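Data block below; observations after.
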Amino acid sequence: MDKNSAALYKKMQAEVESYQNLQKSCVKVVKQRALLESQLNENKCVLDELNLLGPDNKVFKLLGPVLVKQELEDSRQNVGKRIEYISKELKSSTDTLENMEKDMLKHREAVSKYQQQWQVAAAMK
């Protein structure tokens, strides 16, 4: 391998490593996003159940080993705020995932370009 081919090969390897690191990060974000989605669905179900209750119904919250009585409207507000927060986190993770996919595409294109250049350089030998 001459110096030019070796340099192209090193650049290609660096791009492949960057791409692989992005893939690992992407997997983590996808797992986090799945967890957030399940939490969002769970909280929506809780809010639906709370909305079915009337003012004479009692609501209890589990704090450690103890059930503590809580006002119905406070429970609704707390769950609503949780849903709002989780929704924001989901949007953020979706945006992060989109940016990662764009970066991965750039790295794939760069790897392909370096591969072609390396093959041309090897063929010219």
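Chain labels A, B, ... are given in the sequence in which chains occur in the structure tokens; within each chain residues are numbered consecutively from 1, and ligands are likewise numbered from 1 in the order shown.
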
Requested in this report: For segment 76-84 of chain A, work out the shell of residues within 7 Å, counting only C-alpha atoms and skipping chain neighbours fewer than 5 positions away, then give it as a ChimeraX atom specification.
Outcome: /A:40,43,47,50

Open item on the list: Give me, as JSON, numbers by chain, the residues of chain A that a backbone DSSP run labels helix (DSSP H, G or I).
Closed with: {"A": [3, 4, 5, 6, 7, 8, 9, 10, 11, 12, 13, 14, 15, 16, 17, 18, 19, 20, 21, 22, 23, 24, 25, 26, 27, 28, 29, 30, 31, 32, 33, 34, 35, 36, 37, 38, 39, 40, 41, 42, 43, 44, 45, 46, 47, 48, 49, 50, 51, 52, 72, 73, 74, 75, 76, 77, 78, 79, 80, 81, 82, 83, 84, 85, 86, 87, 88, 89, 90, 91, 92, 93, 94, 95, 96, 97, 98, 99, 100, 101, 102, 103, 104, 105, 106, 107, 108, 109, 110, 111, 112, 113, 114, 115, 116, 117, 118, 119, 120, 121, 122, 123]}

Considering only C-alpha atoms, tabulate each residue of segment 42-122 of chain A that lies at most 9 Å from segment 10-25 of chain A along with its nearest interatomic pair and the corresponding distance in Å to one decimal; arrange the rows by chain and ascending residue number and present them as a tab-separated table.
residue	atom	partner	partner_atom	distance
A:Met100	CA	A:Leu22	CA	6.8
A:Glu101	CA	A:Leu22	CA	8.5
A:Asp103	CA	A:Leu22	CA	8.0
A:Met104	CA	A:Tyr19	CA	5.8
A:Leu105	CA	A:Tyr19	CA	8.7
A:Lys106	CA	A:Tyr19	CA	9.0
A:His107	CA	A:Tyr19	CA	5.8
A:Arg108	CA	A:Tyr19	CA	7.2
A:Ala110	CA	A:Glu15	CA	6.9
A:Val111	CA	A:Met12	CA	5.4
A:Ser112	CA	A:Met12	CA	8.3
A:Lys113	CA	A:Met12	CA	8.6
A:Tyr114	CA	A:Met12	CA	5.6
A:Gln115	CA	A:Met12	CA	6.9
A:Trp118	CA	A:Met12	CA	8.8

List as an mmCIF file with N, CA and C atoms, in the first residue's frame the protein and nucleic acid residues near Leu35 of chain A, meaning an atom at most 12 Å away when only C-alpha atoms are counted, but skip any in the same chain fewer than 4 places from it.
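That gives us around-v7.cif:
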data_model
loop_
_atom_site.group_PDB
_atom_site.id
_atom_site.type_symbol
_atom_site.label_atom_id
_atom_site.label_comp_id
_atom_site.auth_asym_id
_atom_site.auth_seq_id
_atom_site.Cartn_x
_atom_site.Cartn_y
_atom_site.Cartn_z
ATOM 1 N N LYS A 28 -29.208 3.465 22.189
ATOM 2 C CA LYS A 28 -29.533 3.956 23.531
ATOM 3 C C LYS A 28 -30.718 4.913 23.490
ATOM 4 N N VAL A 29 -30.723 5.817 22.520
ATOM 5 C CA VAL A 29 -31.808 6.791 22.402
ATOM 6 C C VAL A 29 -33.122 6.079 22.063
ATOM 7 N N VAL A 30 -33.058 5.058 21.226
ATOM 8 C CA VAL A 30 -34.269 4.305 20.867
ATOM 9 C C VAL A 30 -34.826 3.601 22.102
ATOM 10 N N LYS A 31 -33.965 3.012 22.924
ATOM 11 C CA LYS A 31 -34.414 2.358 24.159
ATOM 12 C C LYS A 31 -35.046 3.367 25.108
ATOM 13 N N GLN A 39 -44.211 5.012 29.439
ATOM 14 C CA GLN A 39 -44.594 5.859 30.568
ATOM 15 C C GLN A 39 -45.720 6.811 30.172
ATOM 16 N N LEU A 40 -45.641 7.345 28.964
ATOM 17 C CA LEU A 40 -46.685 8.246 28.487
ATOM 18 C C LEU A 40 -48.020 7.519 28.391
ATOM 19 N N ASN A 41 -48.018 6.331 27.817
ATOM 20 C CA ASN A 41 -49.252 5.556 27.702
ATOM 21 C C ASN A 41 -49.824 5.216 29.068
ATOM 22 N N GLU A 42 -48.962 4.843 29.985
ATOM 23 C CA GLU A 42 -49.404 4.519 31.339
ATOM 24 C C GLU A 42 -50.054 5.726 32.005
ATOM 25 N N ILE A 86 -43.254 14.265 29.944
ATOM 26 C CA ILE A 86 -42.855 13.096 29.155
ATOM 27 C C ILE A 86 -42.987 13.402 27.666
ATOM 28 N N SER A 87 -44.029 14.133 27.290
ATOM 29 C CA SER A 87 -44.215 14.492 25.877
ATOM 30 C C SER A 87 -43.062 15.352 25.379
ATOM 31 N N GLU A 89 -40.002 15.357 26.595
ATOM 32 C CA GLU A 89 -38.841 14.478 26.520
ATOM 33 C C GLU A 89 -38.896 13.603 25.264
ATOM 34 N N LEU A 90 -40.087 13.139 24.916
ATOM 35 C CA LEU A 90 -40.255 12.330 23.706
ATOM 36 C C LEU A 90 -39.905 13.131 22.468
ATOM 37 N N SER A 93 -36.161 13.511 22.307
ATOM 38 C CA SER A 93 -35.472 12.292 21.865
ATOM 39 C C SER A 93 -35.726 12.024 20.390
#

- [ ] as JSON, numbers by chain, list the residues of segment 3-122 of chain A assigned to strand (DSSP E) by DSSP on the backbone atoms of this structure.
- [x] {"A": [59, 60, 61, 62, 63, 66, 67, 68, 69, 70]}

Keeping C-alpha atoms, export the residues of the selection given above as a PDB file, in the first residue's frame.
ATOM      1  CA  VAL A  59     -57.960   8.929  45.502  1.00  0.00           C
ATOM      2  CA  PHE A  60     -54.921   7.531  47.264  1.00  0.00           C
ATOM      3  CA  LYS A  61     -51.278   7.791  46.347  1.00  0.00           C
ATOM      4  CA  LEU A  62     -48.744   5.158  47.312  1.00  0.00           C
ATOM      5  CA  LEU A  63     -45.780   6.702  49.147  1.00  0.00           C
ATOM      6  CA  VAL A  66     -48.237   3.909  52.953  1.00  0.00           C
ATOM      7  CA  LEU A  67     -51.351   4.995  51.047  1.00  0.00           C
ATOM      8  CA  VAL A  68     -51.897   8.746  51.405  1.00  0.00           C
ATOM      9  CA  LYS A  69     -55.214  10.386  50.572  1.00  0.00           C
ATOM     10  CA  GLN A  70     -54.951  12.946  47.787  1.00  0.00           C
TER      11      GLN A  70
END

Problem set entry | Nearest-residue call for Glu73 of chain A, choices A:Tyr85, A:Tyr9, A:Cys26, A:Lys58, using only C-alpha atoms |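 Nearest to Glu73 of chain A: A:Lys58.
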
Practice prompt. Rank A:Glu37, A:Ser75, A:Gly64, A:Glu109 by their smallest atom-to-atom distance to Asn51 of chain A, using only C-alpha atoms, and report the top residue only.
Written response: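 Using only C-alpha atoms, the shortest distance to Asn51 of chain A belongs to A:Ser75.
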
Judged by only C-alpha atoms, the minimum distance to Gln116 of chain A among A:Val27, A:Leu72, A:Leu8, A:Leu97 is found for A:Leu8
